[in-house]
Every structure is written in C-alpha cells, then in structure tokens.
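This is target_13.tsv. It holds TSV, C-alpha atoms and all ligand atoms.
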chain	number	residue	atom	x	y	z
K	67	MET	CA	-33.50	67.06	-84.15
K	68	ALA	CA	-31.50	67.45	-80.95
K	69	ILE	CA	-27.83	68.28	-81.34
K	70	ILE	CA	-25.59	65.51	-80.09
K	71	GLU	CA	-22.96	67.15	-77.92
K	72	GLN	CA	-19.30	66.33	-77.94
K	73	THR	CA	-18.48	63.54	-75.44
K	74	ILE	CA	-15.35	62.69	-73.48
K	75	PHE	CA	-15.49	59.01	-74.24
K	76	ASN	CA	-15.08	57.95	-77.86
K	77	SER	CA	-15.60	54.40	-78.94
K	78	PHE	CA	-14.95	52.80	-82.26
K	79	GLY	CA	-16.35	49.32	-82.52
K	80	ASN	CA	-17.60	47.01	-79.82
K	81	LYS	CA	-14.46	46.62	-77.78
K	82	ILE	CA	-11.78	48.81	-76.31
K	83	MET	CA	-8.16	47.70	-76.28
K	84	THR	CA	-6.31	49.12	-73.33
K	85	LYS	CA	-2.60	48.40	-72.88
K	86	ASP	CA	-3.24	45.30	-70.78
K	87	LYS	CA	-6.87	44.28	-71.35
K	88	GLU	CA	-9.52	43.89	-74.01
K	89	ILE	CA	-12.78	45.37	-72.69
K	90	HIS	CA	-16.15	44.65	-74.31
K	91	ILE	CA	-19.08	47.03	-74.61
K	92	VAL	CA	-22.30	45.22	-73.70
K	93	GLY	CA	-24.70	48.16	-73.53
K	94	LYS	CA	-24.95	51.81	-74.50
K	95	MET	CA	-27.19	54.88	-74.22
K	96	ASP	CA	-26.39	57.97	-76.31
K	97	GLU	CA	-27.51	61.05	-74.38
K	98	PRO	CA	-26.50	61.19	-71.64
K	99	LEU	CA	-23.72	58.82	-72.66
K	100	ILE	CA	-23.81	55.60	-70.65
K	101	PHE	CA	-21.77	52.48	-71.35
K	102	ILE	CA	-21.89	49.05	-69.78
K	103	PHE	CA	-18.58	47.23	-70.00
K	104	ASP	CA	-17.77	43.61	-69.36
K	105	ASN	CA	-14.50	42.42	-67.82
K	106	VAL	CA	-12.96	45.71	-66.79
K	107	LEU	CA	-11.33	43.82	-63.92
K	108	SER	CA	-10.53	40.11	-63.70
K	109	TYR	CA	-12.05	38.02	-60.92
K	110	THR	CA	-8.62	37.92	-59.23
K	111	GLU	CA	-8.35	41.71	-59.35
K	112	CYS	CA	-11.87	42.09	-57.87
K	113	ASP	CA	-11.05	39.67	-55.04
K	114	SER	CA	-7.73	41.38	-54.31
K	115	LEU	CA	-9.36	44.83	-54.13
K	116	ILE	CA	-11.95	43.55	-51.65
K	117	ASP	CA	-9.22	41.88	-49.56
K	118	LEU	CA	-7.11	45.04	-49.48
K	119	ALA	CA	-10.10	47.26	-48.60
K	120	LYS	CA	-11.80	45.00	-46.06
K	121	ASN	CA	-10.04	46.18	-42.90
K	122	ARG	CA	-10.12	49.83	-43.89
K	123	MET	CA	-13.87	50.40	-44.31
K	124	GLN	CA	-15.69	53.23	-42.56
K	125	ARG	CA	-19.35	54.16	-42.37
K	126	ALA	CA	-20.00	56.57	-45.26
K	127	LYS	CA	-19.67	60.27	-44.58
K	128	ILE	CA	-21.10	62.65	-47.16
K	129	GLY	CA	-20.55	66.30	-47.91
K	130	LYS	CA	-18.61	68.99	-46.11
K	131	SER	CA	-20.02	68.33	-42.66
K	132	ARG	CA	-18.56	64.80	-42.81
K	133	VAL	CA	-21.35	63.52	-40.59
K	134	VAL	CA	-22.65	59.98	-40.89
K	135	SER	CA	-25.59	60.23	-43.23
K	136	ASP	CA	-28.62	58.19	-44.17
K	137	ILE	CA	-28.18	59.25	-47.80
K	138	ARG	CA	-25.64	56.48	-48.01
K	139	THR	CA	-25.74	53.61	-45.56
K	140	SER	CA	-22.85	51.68	-47.09
K	141	SER	CA	-19.29	51.95	-45.78
K	142	SER	CA	-16.34	53.21	-47.81
K	143	MET	CA	-12.60	53.71	-48.07
K	144	PHE	CA	-10.17	55.35	-50.48
K	145	PHE	CA	-6.92	53.86	-51.69
K	146	GLU	CA	-3.91	56.16	-51.69
K	147	GLU	CA	-2.87	57.34	-55.15
K	148	SER	CA	-0.91	54.50	-56.80
K	149	GLU	CA	-0.44	52.90	-53.38
K	150	ASN	CA	0.62	49.52	-54.75
K	151	GLU	CA	1.13	47.71	-58.04
K	152	LEU	CA	-2.49	46.55	-58.33
K	153	ILE	CA	-3.89	50.04	-57.75
K	154	GLN	CA	-1.42	51.45	-60.25
K	155	THR	CA	-2.43	48.88	-62.89
K	156	ILE	CA	-6.12	49.62	-62.33
K	157	GLU	CA	-5.61	53.41	-62.35
K	158	CYS	CA	-3.82	53.20	-65.70
K	159	ARG	CA	-6.39	50.88	-67.29
K	160	VAL	CA	-9.33	52.93	-66.03
K	161	SER	CA	-7.86	56.24	-67.15
K	162	GLU	CA	-7.20	54.82	-70.61
K	163	LEU	CA	-10.75	53.48	-70.73
K	164	MET	CA	-12.27	56.79	-69.55
K	165	ASN	CA	-10.04	58.82	-71.89
K	166	VAL	CA	-8.89	61.13	-69.08
K	167	PRO	CA	-5.29	61.32	-67.75
K	168	VAL	CA	-4.47	59.68	-64.39
K	169	SER	CA	-3.52	63.13	-63.07
K	170	HIS	CA	-7.22	64.07	-63.24
K	171	ALA	CA	-8.28	61.01	-61.25
K	172	GLU	CA	-9.60	61.07	-57.71
K	173	PRO	CA	-8.36	58.29	-55.45
K	174	LEU	CA	-10.13	54.99	-56.16
K	175	GLN	CA	-13.05	54.52	-53.77
K	176	ILE	CA	-14.42	51.20	-52.50
K	177	LEU	CA	-17.99	50.92	-51.23
K	178	HIS	CA	-19.44	48.01	-49.28
K	179	TYR	CA	-23.18	47.47	-48.90
K	180	LYS	CA	-24.60	44.91	-46.51
K	181	ALA	CA	-28.15	43.62	-47.01
K	182	GLY	CA	-30.49	46.61	-46.57
K	183	ASP	CA	-27.82	49.22	-47.38
K	184	GLN	CA	-28.40	51.71	-50.18
K	185	TYR	CA	-27.23	54.98	-51.71
K	186	GLN	CA	-30.07	57.41	-52.38
K	187	PRO	CA	-30.36	59.29	-55.72
K	188	HIS	CA	-27.59	61.85	-56.17
K	189	PHE	CA	-25.37	63.57	-58.74
K	190	ASP	CA	-21.66	62.82	-58.76
K	191	TYR	CA	-20.79	66.37	-59.82
K	192	PHE	CA	-20.69	69.15	-57.25
K	193	THR	CA	-23.42	71.76	-57.35
K	194	SER	CA	-21.57	74.07	-54.95
K	195	GLY	CA	-17.99	74.46	-53.71
K	196	ASN	CA	-15.25	73.34	-56.10
K	197	ILE	CA	-17.22	73.57	-59.32
K	198	GLU	CA	-14.22	75.09	-61.13
K	199	ASN	CA	-12.49	71.71	-61.16
K	200	ASN	CA	-15.65	69.67	-61.07
K	201	ARG	CA	-16.06	65.98	-61.70
K	202	VAL	CA	-16.83	65.12	-65.32
K	203	SER	CA	-17.27	61.35	-65.43
K	204	THR	CA	-17.72	58.20	-63.34
K	205	LEU	CA	-16.79	54.56	-63.72
K	206	LEU	CA	-18.44	52.17	-61.25
K	207	ILE	CA	-16.89	48.72	-61.23
K	208	TYR	CA	-18.77	45.86	-59.59
K	209	LEU	CA	-16.47	43.65	-57.52
K	210	ASN	CA	-18.92	40.84	-56.80
K	211	ASP	CA	-22.22	39.35	-57.96
K	212	VAL	CA	-25.14	40.50	-55.80
K	213	GLU	CA	-27.77	37.90	-54.97
K	214	LYS	CA	-30.75	40.29	-55.15
K	215	GLY	CA	-31.10	44.07	-55.61
K	216	GLY	CA	-28.19	46.49	-55.45
K	217	GLU	CA	-28.67	47.77	-59.01
K	218	THR	CA	-27.29	51.15	-60.00
K	219	TYR	CA	-30.51	52.94	-60.88
K	220	PHE	CA	-30.99	56.09	-62.99
K	221	PRO	CA	-34.49	57.26	-61.94
K	222	SER	CA	-34.86	59.96	-64.62
K	223	LEU	CA	-34.01	57.41	-67.32
K	224	ARG	CA	-35.81	54.53	-65.60
K	225	PHE	CA	-32.71	52.48	-66.27
K	226	ALA	CA	-31.11	49.91	-63.96
K	227	VAL	CA	-27.69	48.26	-64.19
K	228	THR	CA	-27.37	44.88	-62.50
K	229	PRO	CA	-24.07	44.34	-60.67
K	230	LYS	CA	-21.90	41.65	-62.24
K	231	LYS	CA	-18.44	40.82	-60.97
K	232	GLY	CA	-15.75	42.60	-63.02
K	233	SER	CA	-18.21	44.58	-65.16
K	234	ALA	CA	-18.77	48.33	-64.96
K	235	VAL	CA	-21.07	51.21	-65.81
K	236	TYR	CA	-19.65	54.45	-67.22
K	237	PHE	CA	-21.42	57.80	-67.45
K	238	GLU	CA	-20.40	61.41	-68.02
K	239	TYR	CA	-21.92	64.76	-67.14
K	240	PHE	CA	-19.83	67.43	-68.83
K	241	TYR	CA	-22.54	68.67	-71.16
K	242	ASN	CA	-23.26	72.31	-71.95
K	243	ASP	CA	-26.93	71.41	-71.80
K	244	HIS	CA	-27.42	71.02	-68.09
K	245	ARG	CA	-30.57	68.97	-68.56
K	246	LEU	CA	-28.33	66.18	-69.87
K	247	ASN	CA	-26.13	66.34	-66.78
K	248	GLU	CA	-29.20	66.19	-64.57
K	249	LEU	CA	-30.32	63.00	-66.28
K	250	THR	CA	-27.32	61.23	-64.70
K	251	LEU	CA	-29.05	61.27	-61.32
K	252	HIS	CA	-28.42	57.79	-59.94
K	253	ALA	CA	-28.77	55.62	-56.87
K	254	GLY	CA	-27.50	52.36	-55.43
K	255	ASN	CA	-30.71	50.38	-54.93
K	256	PRO	CA	-31.04	48.63	-51.57
K	257	VAL	CA	-29.26	45.28	-51.48
K	258	ALA	CA	-32.11	42.81	-50.94
K	259	ALA	CA	-29.97	39.72	-50.38
K	260	GLY	CA	-26.24	39.13	-50.22
K	261	GLU	CA	-23.75	41.99	-50.17
K	262	LYS	CA	-22.30	44.40	-52.71
K	263	TRP	CA	-18.76	45.65	-53.28
K	264	VAL	CA	-18.12	48.38	-55.83
K	265	ALA	CA	-15.11	50.49	-56.87
K	266	THR	CA	-15.78	54.08	-57.99
K	267	GLN	CA	-13.47	56.18	-60.13
K	268	TRP	CA	-14.37	59.86	-60.51
K	269	MET	CA	-12.53	62.02	-63.02
K	270	ARG	CA	-12.00	65.79	-62.72
K	271	ARG	CA	-12.09	68.34	-65.49
K	272	GLN	CA	-8.56	69.50	-64.65
K	273	ARG	CA	-5.50	68.10	-62.89
K	274	HIS	CA	-6.32	66.85	-59.42
K	275	ARG	CA	-3.15	64.96	-58.41
K	276	HIS	CA	0.02	66.75	-57.47
K	277	MET	CA	2.58	64.13	-58.41
P	1	LIG	O1	-23.33	51.54	-55.68
P	1	LIG	C1	-23.78	52.06	-56.70
P	1	LIG	O2	-24.33	51.38	-57.58
P	1	LIG	C2	-23.68	53.53	-56.88
P	1	LIG	C3	-22.45	54.13	-56.26
P	1	LIG	C4	-22.33	55.58	-56.56
P	1	LIG	O3	-23.24	56.20	-57.04
P	1	LIG	C5	-21.09	56.33	-56.28
P	1	LIG	O4	-20.12	55.76	-55.74
P	1	LIG	O5	-21.04	57.54	-56.60
P	2	FE	FE	-22.69	58.24	-57.56

Would you encode the structure as structure tokens?
Ligand SMILES: O=C(O)CCC(=O)C(=O)O
Ligand SMILES: [Fe+2]
Amino acid sequence: MAIIEQTIFNSFGNKIMTKDKEIHIVGKMDEPLIFIFDNVLSYTECDSLIDLAKNRMQRAKIGKSRVVSDIRTSSSMFFEESENELIQTIECRVSELMNVPVSHAEPLQILHYKAGDQYQPHFDYFTSGNIENNRVSTLLIYLNDVEKGGETYFPSLRFAVTPKKGSAVYFEYFYNDHRLNELTLHAGNPVAAGEKWVATQWMRRQRHRHM
C-alpha cells in the first residue's frame, strides 16, 4: 500500500473553528490532499473584496517576462499586505485555516474572468527561480456564483470544483514524492456565461513577509 505522506493541513472532524468563523468541509481527496470548504467568506466579505479590487484590475501578466499572456486571459490585482481591516481579517482567518503563519503568506490576489476568459493548466509552485522558498499550498476562494463554466479543473485527477460564492478549494504540493505535487496541475475552465471573481492565497515554505 502507498505510504500516506505527512500533510500541512490537519483536520479533525467535519468543521474547522477559526477565531472568527466556523468553516465546514464539504469535500475531500486524500492524495494529493484537496479540501472543499463552504463559507470561508461571508457574502458581505465577498462583495466588499470585489468592490475594493474593481478599479485596480490589470490584464494578467505571467512569469518573469511580465508580458501579457494567453495562458491566463483574466485580469488580476494584489492587495497590499494587511492594507485594511477586511484584508487583515481575511489574512488571519485564511492562515489559521491553511495552518501556515501569516508571515509566510503572499499578498492576496484577486482574479476576474469575463465570459470566455480562462486560465490554462499550470502548477502553482515554481519549477525554476526561487524554489528555495517555494509555494507549498493554495486556497482559492470563489467570490461569486458563476452562471456556466469557470470550474477549477484538475486534469490529472479529472476533478472539477464548481465556483460557489464564499466557498473555497484548498490543495497542497509539498510532498517528497514529486508525482503527488504534479497531480495538482489545475486550470480555470473558460467562463461560458456570466463572470467569475476569485481570491487566491498562496503560502510559502518559509517567511515571505518582512514585517
Ligand atoms: O480561477 C481558478 O479557478 C484558478 C485560479 C488559479 O489557478 C490561481 O490563481 O493560481
Ligand atoms: Fe493556480
């Protein structure tokens, strides 16, 4: 039988109590570890994040060259670290949920997909460059309900997560067995109708923030 590797996230029971919110597990896969959570953010928090991000969106740039790319056709922005009370509240809740200190957190990213936009299959961890302090886990929080399409799709697992306002998908890729990390290949399926807003939190293996 395969050896189950040590994971970052540890759950006991079907819900997680963070300091300010009770979060329910509604789906799980063991290896690689994937969780679907309900109600990570309230509807009000989702709406506020979209409002704050709206005027700050830019066409996605990917990789070192920072050129506009067809790999991701959505637009994006990053909040400053703890830039206001809402961001601070979310950073704390998310870091508690992901079991990684806030100091290891990248700035919270917001993505916006219009109908037809997509994010092609990719890994969230770096395969070159700063692999010393690589990313280890991802939490994608859906900020709205998408009319059609826009699933987060794991092609190697043939597994799709349907966006639902306030819910989230968690996955980690810090395994010694690299085949497990590679199974976290994922994409944002094209939005067929409506639009899609998502918040992404990436965690690093070591400290990333300087405050
Ligand atoms: O929009 C999605 O479902 C995927 C987003 C994503 O993969 C990312 O932000 O790294
Ligand atoms: Fe991703």

request  = Could you give me, as a list in words, the residues that have an atom at most 7 Å away from the point (-34.2, 48.4, -49.7) in the coordinates of the file, using all atoms listed in the file?
outcome  =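 Within 7 Å of (-34.2, 48.4, -49.7), the protein and nucleic acid residues are Gly182, Asp183, Gln184, Asn255, Pro256, Val257 and Ala258 of chain K.
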
Would you mind listing what lies within 7 Å of range 211-213 of chain K as a CSV table (one decimal) with C-alpha atoms, in the coordinates of the input, with all atoms listed in the file counted and same-chain residues fewer than 3 positions away left out?
chain,number,residue,atom,x,y,z
K,216,GLY,CA,-28.2,46.5,-55.4
K,229,PRO,CA,-24.1,44.3,-60.7
K,230,LYS,CA,-21.9,41.6,-62.2
K,231,LYS,CA,-18.4,40.8,-61.0
K,259,ALA,CA,-30.0,39.7,-50.4
K,260,GLY,CA,-26.2,39.1,-50.2
K,261,GLU,CA,-23.8,42.0,-50.2
K,262,LYS,CA,-22.3,44.4,-52.7

task = Select the residues contacting ligand LIG 1 (chain P) at a distance of at most 6 Å, based on all atoms listed in the file, then format the selection as a list in words.
result =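 Those within range of ligand LIG 1 (chain P) are Asp190, Glu217, Thr218, Ala253, Gly254 and Thr266 of chain K.
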
Save out the residues we just selected, C-alpha atoms, as a short mmCIF file (atom, residue, chain, number, x, y, z; two decimals), in the frame of the given file.
data_model
loop_
_atom_site.label_atom_id
_atom_site.label_comp_id
_atom_site.auth_asym_id
_atom_site.auth_seq_id
_atom_site.Cartn_x
_atom_site.Cartn_y
_atom_site.Cartn_z
CA ASP K 190 -21.66 62.82 -58.76
CA GLU K 217 -28.67 47.77 -59.01
CA THR K 218 -27.29 51.15 -60.00
CA ALA K 253 -28.77 55.62 -56.87
CA GLY K 254 -27.50 52.36 -55.43
CA THR K 266 -15.78 54.08 -57.99
#

Gap from CA of Val264 in chain K to CA of Glu146 in chain K - Å, one decimal = 16.7 Å

Given only C-alpha atoms and all ligand atoms as the counted atoms, nearest of K:Tyr179, K:Phe225, K:Tyr208, K:Tyr191 to ligand FE 2 (chain P) =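 Residue with the minimum atom-to-atom distance to ligand FE 2 (chain P): K:Tyr191.
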
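Considering the residues K:Ala181, K:Ile153, K:Ala234, K:Leu206 and counting all atoms listed in the file, ligand FE 2 (chain P) has its shortest atom-to-atom contact with K:Leu206.
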
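Restricting the calculation to only C-alpha atoms, the smallest distance between Met269 in chain K and any of K:Arg125, K:His178, K:Lys85, K:Arg201 is found for K:Arg201.
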
inquiry  = Here is a test: counting all atoms listed in the file, which residue of K:Lys87, K:His188, K:Arg122, K:Lys94 is nearest to ligand FE 2 (chain P)?
reply    =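 Of all the options, K:His188 lies closest to ligand FE 2 (chain P).
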
key: Minimum-distance residue to His276 in chain K, chosen among K:Glu162, K:Glu172, K:Glu198, K:Glu97 (using all atoms listed in the file)   = K:Glu172

ask   = For ligand FE 2 (chain P), which residue among K:Glu238, K:Glu111, K:Glu157, K:Asp117 is the nearest when counting all atoms listed in the file?
value =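 Closest residue, counting all atoms listed in the file: K:Glu238.
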
request  = One decimal, Å: what's the distance from CA of Cys158 in chain K over to CA of Tyr239 in chain K, could you say?
outcome  =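 CA of Tyr239 in chain K lies 21.5 Å from CA of Cys158 in chain K.
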
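Here CA of Thr155 in chain K and CA of Phe189 in chain K stand 27.6 Å from one another.
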
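Using only C-alpha atoms, the contacts of Phe145 in chain K at a cut-off of 10 Å, with sequence neighbours closer than 6 positions omitted, comprise Leu115, Leu118, Ala119, Arg122, Ile153, Glu172, Pro173, Leu174, Gln175 and Ile176 of chain K.
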
message = List as a list in words the protein and nucleic acid residues near Met123 in chain K, meaning an atom at most 6 Å away when all atoms listed in the file are counted, but skip any in the same chain fewer than 4 places from it.
response =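 Using all atoms listed in the file, the neighbours found are Ser141, Ser142 and Met143 of chain K.
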